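Novice: This is target_0.tsv, which holds TSV, N, CA and C atoms:
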chain	number	residue	atom	x	y	z
A	1	MET	N	59.25	49.18	142.45
A	1	MET	CA	59.92	50.46	142.44
A	1	MET	C	59.23	51.35	143.47
A	2	THR	N	60.02	52.02	144.24
A	2	THR	CA	59.47	52.88	145.28
A	2	THR	C	59.16	54.26	144.72
A	3	LEU	N	58.46	55.02	145.51
A	3	LEU	CA	58.10	56.39	145.12
A	3	LEU	C	59.35	57.24	144.90
A	4	VAL	N	60.34	57.09	145.75
A	4	VAL	CA	61.58	57.87	145.63
A	4	VAL	C	62.29	57.52	144.33
A	5	GLU	N	62.35	56.25	143.98
A	5	GLU	CA	63.00	55.84	142.73
A	5	GLU	C	62.24	56.39	141.52
A	6	THR	N	60.92	56.36	141.58
A	6	THR	CA	60.10	56.89	140.49
A	6	THR	C	60.32	58.39	140.31
A	7	LEU	N	60.35	59.13	141.41
A	7	LEU	CA	60.61	60.57	141.33
A	7	LEU	C	62.01	60.86	140.79
A	8	ALA	N	62.98	60.06	141.20
A	8	ALA	CA	64.35	60.24	140.70
A	8	ALA	C	64.40	59.99	139.19
A	9	ALA	N	63.71	58.94	138.74
A	9	ALA	CA	63.69	58.64	137.31
A	9	ALA	C	63.02	59.76	136.52
A	10	LEU	N	61.92	60.30	137.03
A	10	LEU	CA	61.24	61.42	136.38
A	10	LEU	C	62.13	62.66	136.34
A	11	ALA	N	62.87	62.90	137.39
A	11	ALA	CA	63.78	64.05	137.42
A	11	ALA	C	64.87	63.92	136.37
A	12	VAL	N	65.40	62.71	136.20
A	12	VAL	CA	66.44	62.48	135.19
A	12	VAL	C	65.87	62.69	133.79
A	13	VAL	N	64.67	62.19	133.53
A	13	VAL	CA	64.03	62.38	132.23
A	13	VAL	C	63.77	63.87	131.97
A	14	ALA	N	63.27	64.58	132.97
A	14	ALA	CA	63.00	66.01	132.81
A	14	ALA	C	64.29	66.78	132.54
A	15	LEU	N	65.35	66.45	133.25
A	15	LEU	CA	66.64	67.12	133.04
A	15	LEU	C	67.16	66.85	131.64
A	16	GLY	N	67.06	65.62	131.19
A	16	GLY	CA	67.50	65.28	129.84
A	16	GLY	C	66.71	66.03	128.78
A	17	THR	N	65.41	66.14	128.98
A	17	THR	CA	64.56	66.87	128.04
A	17	THR	C	64.93	68.36	128.01
A	18	MET	N	65.22	68.92	129.18
A	18	MET	CA	65.61	70.33	129.24
A	18	MET	C	66.91	70.59	128.49
A	19	ILE	N	67.81	69.64	128.50
A	19	ILE	CA	69.10	69.82	127.84
A	19	ILE	C	68.98	69.60	126.34
A	20	VAL	N	68.26	68.58	125.91
A	20	VAL	CA	68.19	68.20	124.51
A	20	VAL	C	67.28	69.12	123.69
A	21	THR	N	66.17	69.56	124.22
A	21	THR	CA	65.20	70.34	123.46
A	21	THR	C	65.78	71.64	122.88
A	22	PRO	N	66.47	72.47	123.65
A	22	PRO	CA	67.04	73.68	123.03
A	22	PRO	C	68.06	73.36	121.95
A	23	ALA	N	68.84	72.31	122.12
A	23	ALA	CA	69.82	71.93	121.11
A	23	ALA	C	69.13	71.54	119.81
A	24	LEU	N	68.01	70.86	119.89
A	24	LEU	CA	67.27	70.48	118.69
A	24	LEU	C	66.70	71.69	117.98
A	25	THR	N	66.19	72.66	118.71
A	25	THR	CA	65.62	73.84	118.07
A	25	THR	C	66.69	74.68	117.40
A	26	ILE	N	67.90	74.70	117.95
A	26	ILE	CA	68.99	75.45	117.32
A	26	ILE	C	69.36	74.80	116.00
A	27	VAL	N	69.41	73.47	115.96
A	27	VAL	CA	69.78	72.76	114.75
A	27	VAL	C	68.69	72.86	113.69
A	28	THR	N	67.44	72.76	114.10
A	28	THR	CA	66.36	72.70	113.12
A	28	THR	C	65.79	74.06	112.73
A	29	SER	N	66.01	75.11	113.51
A	29	SER	CA	65.43	76.40	113.16
A	29	SER	C	66.38	77.18	112.26
A	30	PRO	N	65.84	77.93	111.30
A	30	PRO	CA	66.69	78.72	110.42
A	30	PRO	C	67.34	79.88	111.18
A	31	MET	N	68.46	80.33	110.65
A	31	MET	CA	69.19	81.45	111.25
A	31	MET	C	68.28	82.67	111.26
A	32	ARG	N	68.26	83.36	112.37
A	32	ARG	CA	67.47	84.59	112.44
A	32	ARG	C	68.30	85.72	111.84
A	33	LEU	N	67.70	86.44	110.91
A	33	LEU	CA	68.42	87.51	110.23
A	33	LEU	C	68.61	88.74	111.12
A	34	GLY	N	67.67	88.98	112.04
A	34	GLY	CA	67.74	90.17	112.89
A	34	GLY	C	69.04	90.29	113.67
A	35	PRO	N	69.44	89.27	114.43
A	35	PRO	CA	70.70	89.37	115.18
A	35	PRO	C	71.92	89.50	114.26
A	36	LEU	N	71.88	88.83	113.11
A	36	LEU	CA	72.99	88.94	112.16
A	36	LEU	C	73.09	90.37	111.62
A	37	ALA	N	71.95	90.95	111.24
A	37	ALA	CA	71.93	92.33	110.74
A	37	ALA	C	72.39	93.29	111.82
A	38	ALA	N	71.99	93.04	113.06
A	38	ALA	CA	72.42	93.92	114.17
A	38	ALA	C	73.93	93.84	114.38
A	39	ASP	N	74.51	92.65	114.24
A	39	ASP	CA	75.97	92.51	114.37
A	39	ASP	C	76.70	93.27	113.27
A	40	ILE	N	76.20	93.16	112.04
A	40	ILE	CA	76.83	93.88	110.92
A	40	ILE	C	76.68	95.38	111.11
A	41	ALA	N	75.49	95.83	111.52
A	41	ALA	CA	75.28	97.26	111.76
A	41	ALA	C	76.21	97.77	112.85
A	42	ALA	N	76.40	96.99	113.91
A	42	ALA	CA	77.31	97.39	114.99
A	42	ALA	C	78.74	97.49	114.48
A	43	LEU	N	79.14	96.59	113.61
A	43	LEU	CA	80.48	96.65	113.02
A	43	LEU	C	80.65	97.93	112.21
A	44	LEU	N	79.63	98.30	111.44
A	44	LEU	CA	79.69	99.53	110.64
A	44	LEU	C	79.72	100.77	111.53
A	45	VAL	N	78.91	100.78	112.57
A	45	VAL	CA	78.90	101.92	113.50
A	45	VAL	C	80.26	102.05	114.18
A	46	GLN	N	80.87	100.92	114.51
A	46	GLN	CA	82.19	100.94	115.14
A	46	GLN	C	83.23	101.53	114.18
A	47	ALA	N	83.17	101.16	112.90
A	47	ALA	CA	84.10	101.71	111.92
A	47	ALA	C	83.90	103.22	111.79
A	48	ARG	N	82.66	103.67	111.79
A	48	ARG	CA	82.37	105.11	111.74
A	48	ARG	C	82.93	105.82	112.97
A	49	SER	N	82.75	105.21	114.14
A	49	SER	CA	83.26	105.80	115.39
A	49	SER	C	84.78	105.90	115.38
A	50	VAL	N	85.44	104.89	114.81
A	50	VAL	CA	86.91	104.92	114.71
A	50	VAL	C	87.35	106.08	113.83
A	51	ALA	N	86.65	106.29	112.71
A	51	ALA	CA	87.00	107.39	111.81
A	51	ALA	C	86.87	108.74	112.51
A	52	ILE	N	85.81	108.90	113.28
A	52	ILE	CA	85.59	110.17	113.99
A	52	ILE	C	86.62	110.34	115.10
A	53	ALA	N	86.87	109.28	115.87
A	53	ALA	CA	87.78	109.36	117.03
A	53	ALA	C	89.22	109.59	116.62
A	54	THR	N	89.64	108.99	115.50
A	54	THR	CA	91.04	109.12	115.07
A	54	THR	C	91.25	110.27	114.10
A	55	ASN	N	90.14	110.93	113.72
A	55	ASN	CA	90.21	112.02	112.74
A	55	ASN	C	90.87	111.56	111.44
A	56	GLY	N	90.53	110.34	111.05
A	56	GLY	CA	91.06	109.75	109.82
A	56	GLY	C	90.01	108.86	109.20
A	57	GLU	N	90.34	108.27	108.07
A	57	GLU	CA	89.39	107.37	107.42
A	57	GLU	C	89.41	106.01	108.08
A	58	ALA	N	88.26	105.35	108.06
A	58	ALA	CA	88.14	103.96	108.50
A	58	ALA	C	87.21	103.28	107.50
A	59	ALA	N	87.37	101.98	107.35
A	59	ALA	CA	86.57	101.27	106.36
A	59	ALA	C	86.08	99.94	106.88
A	60	ALA	N	84.96	99.53	106.34
A	60	ALA	CA	84.44	98.18	106.53
A	60	ALA	C	84.48	97.52	105.15
A	61	ILE	N	85.04	96.33	105.09
A	61	ILE	CA	85.16	95.62	103.82
A	61	ILE	C	84.00	94.64	103.70
A	62	VAL	N	83.28	94.72	102.59
A	62	VAL	CA	82.15	93.82	102.34
A	62	VAL	C	82.49	92.97	101.12
A	63	ASP	N	82.51	91.66	101.31
A	63	ASP	CA	82.78	90.72	100.23
A	63	ASP	C	81.53	89.88	100.01
A	64	PRO	N	80.65	90.30	99.08
A	64	PRO	CA	79.41	89.55	98.88
A	64	PRO	C	79.64	88.13	98.37
A	65	VAL	N	80.67	87.94	97.56
A	65	VAL	CA	80.94	86.61	97.01
A	65	VAL	C	81.35	85.65	98.12
A	66	GLY	N	82.24	86.09	99.00
A	66	GLY	CA	82.69	85.26	100.12
A	66	GLY	C	81.75	85.29	101.31
A	67	GLY	N	80.79	86.23	101.29
A	67	GLY	CA	79.85	86.33	102.40
A	67	GLY	C	80.50	86.80	103.69
A	68	ILE	N	81.40	87.79	103.57
A	68	ILE	CA	82.16	88.26	104.73
A	68	ILE	C	82.06	89.78	104.83
A	69	VAL	N	81.86	90.27	106.05
A	69	VAL	CA	81.92	91.70	106.35
A	69	VAL	C	82.95	91.85	107.45
A	70	SER	N	83.92	92.76	107.25
A	70	SER	CA	84.97	92.92	108.26
A	70	SER	C	85.34	94.39	108.42
A	71	ALA	N	85.83	94.70	109.61
A	71	ALA	CA	86.36	96.03	109.91
A	71	ALA	C	87.33	95.86	111.05
A	72	GLY	N	88.54	96.37	110.88
A	72	GLY	CA	89.56	96.18	111.91
A	72	GLY	C	89.80	94.70	112.13
A	73	ALA	N	89.77	94.27	113.37
A	73	ALA	CA	90.00	92.86	113.69
A	73	ALA	C	88.71	92.04	113.67
A	74	ARG	N	87.56	92.70	113.55
A	74	ARG	CA	86.28	91.98	113.56
A	74	ARG	C	85.92	91.46	112.18
A	75	ARG	N	85.39	90.26	112.17
A	75	ARG	CA	85.01	89.63	110.91
A	75	ARG	C	83.71	88.85	111.13
A	76	ILE	N	82.73	89.08	110.26
A	76	ILE	CA	81.45	88.39	110.35
A	76	ILE	C	81.24	87.61	109.06
A	77	SER	N	81.04	86.30	109.19
A	77	SER	CA	80.79	85.44	108.04
A	77	SER	C	79.31	85.08	107.99
A	78	MET	N	78.77	85.03	106.79
A	78	MET	CA	77.36	84.66	106.64
A	78	MET	C	77.21	83.17	106.90
A	79	PRO	N	76.22	82.80	107.69
A	79	PRO	CA	75.97	81.37	107.92
A	79	PRO	C	75.40	80.72	106.66
A	80	PRO	N	75.44	79.40	106.58
A	80	PRO	CA	74.87	78.72	105.41
A	80	PRO	C	73.41	79.11	105.20
A	81	GLY	N	73.05	79.34	103.95
A	81	GLY	CA	71.67	79.68	103.63
A	81	GLY	C	71.36	81.16	103.65
A	82	VAL	N	72.32	81.99	104.05
A	82	VAL	CA	72.11	83.44	104.08
A	82	VAL	C	72.93	84.07	102.97
A	83	ALA	N	72.25	84.79	102.07
A	83	ALA	CA	72.92	85.47	100.96
A	83	ALA	C	73.17	86.93	101.32
A	84	LEU	N	74.30	87.45	100.87
A	84	LEU	CA	74.67	88.84	101.10
A	84	LEU	C	74.81	89.54	99.75
A	85	ASP	N	74.01	90.58	99.54
A	85	ASP	CA	74.10	91.40	98.33
A	85	ASP	C	74.50	92.81	98.74
A	86	LEU	N	75.17	93.52	97.83
A	86	LEU	CA	75.65	94.86	98.13
A	86	LEU	C	75.42	95.78	96.96
A	87	ILE	N	74.89	96.95	97.25
A	87	ILE	CA	74.84	98.05	96.29
A	87	ILE	C	75.62	99.18	96.93
A	88	ALA	N	76.71	99.58	96.29
A	88	ALA	CA	77.57	100.62	96.86
A	88	ALA	C	77.75	101.74	95.85
A	89	ALA	N	77.96	102.93	96.36
A	89	ALA	CA	78.22	104.08	95.51
A	89	ALA	C	79.56	103.89	94.80
A	90	GLU	N	79.70	104.55	93.66
A	90	GLU	CA	80.96	104.44	92.93
A	90	GLU	C	82.14	104.99	93.72
A	91	SER	N	81.86	105.86	94.67
A	91	SER	CA	82.95	106.43	95.47
A	91	SER	C	83.51	105.44	96.49
A	92	CYS	N	82.82	104.32	96.72
A	92	CYS	CA	83.38	103.28	97.59
A	92	CYS	C	84.49	102.57	96.82
A	93	ARG	N	85.60	102.34	97.48
A	93	ARG	CA	86.76	101.75	96.82
A	93	ARG	C	86.65	100.23	96.74
A	94	ALA	N	87.19	99.68	95.66
A	94	ALA	CA	87.29	98.22	95.55
A	94	ALA	C	88.36	97.74	96.52
A	95	ALA	N	88.10	96.59	97.12
A	95	ALA	CA	89.06	96.00	98.06
A	95	ALA	C	89.09	94.50	97.81
A	96	GLY	N	90.02	94.07	96.95
A	96	GLY	CA	90.08	92.66	96.60
A	96	GLY	C	88.81	92.25	95.88
A	97	SER	N	88.14	91.22	96.38
A	97	SER	CA	86.89	90.78	95.76
A	97	SER	C	85.69	91.51	96.35
A	98	GLY	N	85.95	92.44	97.25
A	98	GLY	CA	84.86	93.16	97.91
A	98	GLY	C	84.93	94.65	97.67
A	99	VAL	N	84.19	95.36	98.50
A	99	VAL	CA	84.11	96.82	98.42
A	99	VAL	C	84.36	97.39	99.81
A	100	ALA	N	85.11	98.48	99.87
A	100	ALA	CA	85.38	99.15	101.15
A	100	ALA	C	84.37	100.28	101.34
A	101	ILE	N	83.53	100.14	102.35
A	101	ILE	CA	82.63	101.23	102.72
A	101	ILE	C	83.44	102.13	103.64
A	102	THR	N	83.85	103.28	103.13
A	102	THR	CA	84.74	104.15	103.89
A	102	THR	C	83.96	105.22	104.65
A	103	PHE	N	84.47	105.52	105.82
A	103	PHE	CA	83.92	106.59	106.66
A	103	PHE	C	84.98	107.66	106.81
A	104	SER	N	84.58	108.92	106.65
A	104	SER	CA	85.52	110.04	106.78
A	104	SER	C	85.54	110.53	108.22
A	105	PRO	N	86.48	111.41	108.57
A	105	PRO	CA	86.55	111.94	109.93
A	105	PRO	C	85.28	112.66	110.38
A	106	SER	N	84.49	113.16	109.43
A	106	SER	CA	83.23	113.83	109.79
A	106	SER	C	82.11	112.84	110.09
A	107	GLY	N	82.35	111.55	109.80
A	107	GLY	CA	81.34	110.52	110.02
A	107	GLY	C	80.59	110.16	108.75
A	108	SER	N	80.73	110.96	107.70
A	108	SER	CA	80.04	110.64	106.45
A	108	SER	C	80.69	109.41	105.81
A	109	SER	N	80.01	108.85	104.82
A	109	SER	CA	80.53	107.64	104.19
A	109	SER	C	80.33	107.72	102.69
A	110	CYS	N	80.79	106.69	102.00
A	110	CYS	CA	80.57	106.63	100.56
A	110	CYS	C	79.16	106.14	100.24
A	111	GLY	N	78.48	105.55	101.20
A	111	GLY	CA	77.09	105.12	101.04
A	111	GLY	C	76.96	103.73	100.45
A	112	ALA	N	76.10	102.92	101.05
A	112	ALA	CA	75.90	101.56	100.57
A	112	ALA	C	74.61	100.99	101.15
A	113	VAL	N	74.12	99.95	100.49
A	113	VAL	CA	72.98	99.18	100.99
A	113	VAL	C	73.36	97.70	100.88
A	114	MET	N	73.30	97.00	102.00
A	114	MET	CA	73.52	95.56	102.02
A	114	MET	C	72.17	94.89	102.21
A	115	GLN	N	71.98	93.77	101.55
A	115	GLN	CA	70.75	93.00	101.77
A	115	GLN	C	71.12	91.60	102.22
A	116	LEU	N	70.52	91.18	103.33
A	116	LEU	CA	70.66	89.82	103.81
A	116	LEU	C	69.39	89.09	103.42
A	117	ALA	N	69.52	87.91	102.84
A	117	ALA	CA	68.35	87.16	102.41
A	117	ALA	C	68.49	85.71	102.83
A	118	GLN	N	67.38	85.19	103.32
A	118	GLN	CA	67.29	83.77	103.66
A	118	GLN	C	65.90	83.31	103.26
A	119	GLY	N	65.82	82.60	102.16
A	119	GLY	CA	64.51	82.23	101.64
A	119	GLY	C	63.73	83.48	101.26
A	120	GLU	N	62.53	83.61	101.80
A	120	GLU	CA	61.69	84.78	101.51
A	120	GLU	C	61.98	85.96	102.42
A	121	ARG	N	62.74	85.75	103.49
A	121	ARG	CA	63.01	86.83	104.45
A	121	ARG	C	64.19	87.67	103.98
A	122	ARG	N	64.04	88.99	104.10
A	122	ARG	CA	65.09	89.91	103.68
A	122	ARG	C	65.18	91.09	104.64
A	123	LEU	N	66.40	91.50	104.91
A	123	LEU	CA	66.65	92.71	105.69
A	123	LEU	C	67.70	93.54	104.96
A	124	LYS	N	67.53	94.85	105.01
A	124	LYS	CA	68.51	95.75	104.39
A	124	LYS	C	69.22	96.53	105.48
A	125	ILE	N	70.52	96.68	105.29
A	125	ILE	CA	71.35	97.52	106.16
A	125	ILE	C	71.81	98.68	105.30
A	126	ARG	N	71.36	99.87	105.66
A	126	ARG	CA	71.68	101.06	104.86
A	126	ARG	C	72.73	101.90	105.57
A	127	VAL	N	73.67	102.41	104.79
A	127	VAL	CA	74.67	103.35	105.29
A	127	VAL	C	74.46	104.64	104.50
A	128	ASP	N	73.96	105.66	105.18
A	128	ASP	CA	73.69	106.94	104.53
A	128	ASP	C	75.01	107.61	104.15
A	129	TRP	N	75.10	108.08	102.92
A	129	TRP	CA	76.36	108.68	102.46
A	129	TRP	C	76.66	110.00	103.15
A	130	TYR	N	75.63	110.78	103.43
A	130	TYR	CA	75.85	112.12	103.98
A	130	TYR	C	76.21	112.09	105.46
A	131	SER	N	75.44	111.35	106.23
A	131	SER	CA	75.66	111.35	107.68
A	131	SER	C	76.44	110.13	108.17
A	132	GLY	N	76.49	109.07	107.36
A	132	GLY	CA	77.12	107.83	107.80
A	132	GLY	C	76.22	107.02	108.71
A	133	HIS	N	74.99	107.50	108.92
A	133	HIS	CA	74.04	106.80	109.80
A	133	HIS	C	73.76	105.39	109.25
A	134	VAL	N	73.76	104.41	110.15
A	134	VAL	CA	73.52	103.02	109.78
A	134	VAL	C	72.14	102.62	110.29
A	135	SER	N	71.32	102.04	109.41
A	135	SER	CA	69.98	101.62	109.81
A	135	SER	C	69.66	100.24	109.22
A	136	ILE	N	68.74	99.55	109.89
A	136	ILE	CA	68.28	98.24	109.43
A	136	ILE	C	66.81	98.38	109.07
A	137	GLN	N	66.44	97.86	107.90
A	137	GLN	CA	65.05	97.95	107.44
A	137	GLN	C	64.60	96.62	106.87
A	138	LYS	N	63.33	96.31	107.08
A	138	LYS	CA	62.75	95.14	106.42
A	138	LYS	C	62.53	95.48	104.97
A	139	SER	N	62.68	94.49	104.11
A	139	SER	CA	62.44	94.77	102.69
A	139	SER	C	61.50	93.74	102.10
Would you mind writing the structure in this file as structure tokens?

Specialist:
Amino acid sequence: MTLVETLAALAVVALGTMIVTPALTIVTSPMRLGPLAADIAALLVQARSVAIATNGEAAAIVDPVGGIVSAGARRISMPPGVALDLIAAESCRAAGSGVAITFSPSGSSCGAVMQLAQGERRLKIRVDWYSGHVSIQKS
């Protein structure tokens, strides 16, 4: 085998390793809660913005049993192994098997706390009832 053939073989092995290694880490690593919580928080902020912009109510529907959070056309499903719990104020309306976190034209909301859990890791997404401010906190 010549030097050129050896270098070509090493290049093919290196390229294969570069392609396969990230795929293995995606399959074997647990879902990161941070990006999921950020997506849900962005969905809630968008619903609040719609309420303010349209001068009407807007809602995000949270279905803890089905593991789904939706608002408008956007829908976020919990990946396997991630649990979704919800504590909502009584002023939040029931919506099927879930609860509607409503935002008023002033930006205020009915108030809620969602918890995402995966094993020992937990994050809370809080929706302040007075201001409608959405925040993510470690718990």

Novice: Would you mind telling me which residue in A:Ala112, A:Ile101, A:Ile68, A:Ala51 lies nearest to Ala89 (chain A) when using all atoms listed in the file?

Specialist: A:Ala112

Novice: Considering only C-alpha atoms, state which residue in the set A:Val50, A:Leu33, A:Met78, A:Ala117 is at the smallest distance from Val62 (chain A).

Specialist: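 Closest to Val62 (chain A), using only C-alpha atoms: A:Met78.
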
Novice: Using only N, CA and C atoms, which of the listed residues (A:Ala71, A:Val65, A:Ser104, A:Gly111) sits closest to Ala88 (chain A)?

Specialist: A:Gly111

Novice: My list of candidates is A:Val82, A:Val134, A:Leu36, A:Met1. Which is closest to Gly119 (chain A) when distances are computed with all atoms listed in the file?

Specialist: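 Once distances to Gly119 (chain A) are computed over all atoms listed in the file, the minimum belongs to A:Val82.
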
Novice: Rounded to one decimal place, report the CA of Ala83 (chain A)-CA of Gly67 (chain A) distance in Å.

Specialist: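 CA of Gly67 (chain A) lies 7.1 Å from CA of Ala83 (chain A).
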
Novice: Please provide the set of residues having any atom within 6 Å of region 96-100 of chain A, restricted to only C-alpha atoms, with same-chain residues fewer than 5 positions apart removed, written as a PyMOL selection string.

Specialist: chain A and resi 59-63

Novice: Can you pull out the residues contacting Pro105 (chain A)? Cut-off 7 Å, using only C-alpha atoms, and skip same-chain residues under 6 positions away; I want them as an mmCIF file with N, CA and C atoms, in the frame of the given file.

Specialist:
data_model
loop_
_atom_site.group_PDB
_atom_site.id
_atom_site.type_symbol
_atom_site.label_atom_id
_atom_site.label_comp_id
_atom_site.auth_asym_id
_atom_site.auth_seq_id
_atom_site.Cartn_x
_atom_site.Cartn_y
_atom_site.Cartn_z
ATOM 1 N N ALA A 51 86.650 106.290 112.710
ATOM 2 C CA ALA A 51 87.000 107.390 111.810
ATOM 3 C C ALA A 51 86.870 108.740 112.510
ATOM 4 N N ILE A 52 85.810 108.900 113.280
ATOM 5 C CA ILE A 52 85.590 110.170 113.990
ATOM 6 C C ILE A 52 86.620 110.340 115.100
ATOM 7 N N ASN A 55 90.140 110.930 113.720
ATOM 8 C CA ASN A 55 90.210 112.020 112.740
ATOM 9 C C ASN A 55 90.870 111.560 111.440
ATOM 10 N N GLY A 56 90.530 110.340 111.050
ATOM 11 C CA GLY A 56 91.060 109.750 109.820
ATOM 12 C C GLY A 56 90.010 108.860 109.200
ATOM 13 N N GLU A 57 90.340 108.270 108.070
ATOM 14 C CA GLU A 57 89.390 107.370 107.420
ATOM 15 C C GLU A 57 89.410 106.010 108.080
#

Novice: Could you give me, as a PyMOL selection string, each residue of region 56-104 of chain A that DSSP assigns to strand (DSSP E or B) when run on this structure's backbone?

Specialist: chain A and resi 58-63+68-71+74-77+83-88+93-95+98-103

Novice: Just give me the gap between atom N of Ser108 (chain A) and CA of Ala53 (chain A) in Å, one decimal is fine.

Specialist: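 CA of Ala53 (chain A) lies at a distance of 11.8 Å from atom N of Ser108 (chain A).
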
Novice: Between atom N of Arg122 (chain A) and atom C of Gly34 (chain A), what is the spacing in Å?

Specialist: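 Calculated distance between atom C of Gly34 (chain A) and atom N of Arg122 (chain A) is 10.9 Å.
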
Novice: Counting all atoms listed in the file, what is within 6.5 Å of Gln115 (chain A), bar same-chain residues fewer than 4 positions away, as a list of chain:residue names?

Specialist: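 Neighbouring residues, sequence-local ones excluded: A:Ala83, A:Leu84, A:Asp85, A:Leu86, A:Ile87, A:Arg122, A:Leu123, A:Lys124, A:Ile125.
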
Novice: Could you give me, as an MDAnalysis selection string, the residues that sit within 7 Å of (74.3, 106.9, 112.0) in the file's coordinates, counting only C-alpha atoms?

Specialist: chainID A and resid 45 131:134

Novice: Give me, as a ChimeraX atom specification, all polymer residues having an atom no more than 8 Å from Ala41 (chain A), counting only N, CA and C atoms and skipping those fewer than 6 positions away in the same chain.

Specialist: /A:35,47,125-126,134-136

Novice: Please return as a short mmCIF file (atom, residue, chain, number, x, y, z; two decimals) with N, CA and C atoms, in the frame of the given file: the residues of region 36-134 of chain A that backbone DSSP assigns to alpha helix (DSSP H).

Specialist:
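Result file follows (out-v4.cif):
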data_model
loop_
_atom_site.label_atom_id
_atom_site.label_comp_id
_atom_site.auth_asym_id
_atom_site.auth_seq_id
_atom_site.Cartn_x
_atom_site.Cartn_y
_atom_site.Cartn_z
N LEU A 36 71.88 88.83 113.11
CA LEU A 36 72.99 88.94 112.16
C LEU A 36 73.09 90.37 111.62
N ALA A 37 71.95 90.95 111.24
CA ALA A 37 71.93 92.33 110.74
C ALA A 37 72.39 93.29 111.82
N ALA A 38 71.99 93.04 113.06
CA ALA A 38 72.42 93.92 114.17
C ALA A 38 73.93 93.84 114.38
N ASP A 39 74.51 92.65 114.24
CA ASP A 39 75.97 92.51 114.37
C ASP A 39 76.70 93.27 113.27
N ILE A 40 76.20 93.16 112.04
CA ILE A 40 76.83 93.88 110.92
C ILE A 40 76.68 95.38 111.11
N ALA A 41 75.49 95.83 111.52
CA ALA A 41 75.28 97.26 111.76
C ALA A 41 76.21 97.77 112.85
N ALA A 42 76.40 96.99 113.91
CA ALA A 42 77.31 97.39 114.99
C ALA A 42 78.74 97.49 114.48
N LEU A 43 79.14 96.59 113.61
CA LEU A 43 80.48 96.65 113.02
C LEU A 43 80.65 97.93 112.21
N LEU A 44 79.63 98.30 111.44
CA LEU A 44 79.69 99.53 110.64
C LEU A 44 79.72 100.77 111.53
N VAL A 45 78.91 100.78 112.57
CA VAL A 45 78.90 101.92 113.50
C VAL A 45 80.26 102.05 114.18
N GLN A 46 80.87 100.92 114.51
CA GLN A 46 82.19 100.94 115.14
C GLN A 46 83.23 101.53 114.18
N ALA A 47 83.17 101.16 112.90
CA ALA A 47 84.10 101.71 111.92
C ALA A 47 83.90 103.22 111.79
N ARG A 48 82.66 103.67 111.79
CA ARG A 48 82.37 105.11 111.74
C ARG A 48 82.93 105.82 112.97
N SER A 49 82.75 105.21 114.14
CA SER A 49 83.26 105.80 115.39
C SER A 49 84.78 105.90 115.38
N VAL A 50 85.44 104.89 114.81
CA VAL A 50 86.91 104.92 114.71
C VAL A 50 87.35 106.08 113.83
N ALA A 51 86.65 106.29 112.71
CA ALA A 51 87.00 107.39 111.81
C ALA A 51 86.87 108.74 112.51
N ILE A 52 85.81 108.90 113.28
CA ILE A 52 85.59 110.17 113.99
C ILE A 52 86.62 110.34 115.10
N ALA A 53 86.87 109.28 115.87
CA ALA A 53 87.78 109.36 117.03
C ALA A 53 89.22 109.59 116.62
N THR A 54 89.64 108.99 115.50
CA THR A 54 91.04 109.12 115.07
C THR A 54 91.25 110.27 114.10
#
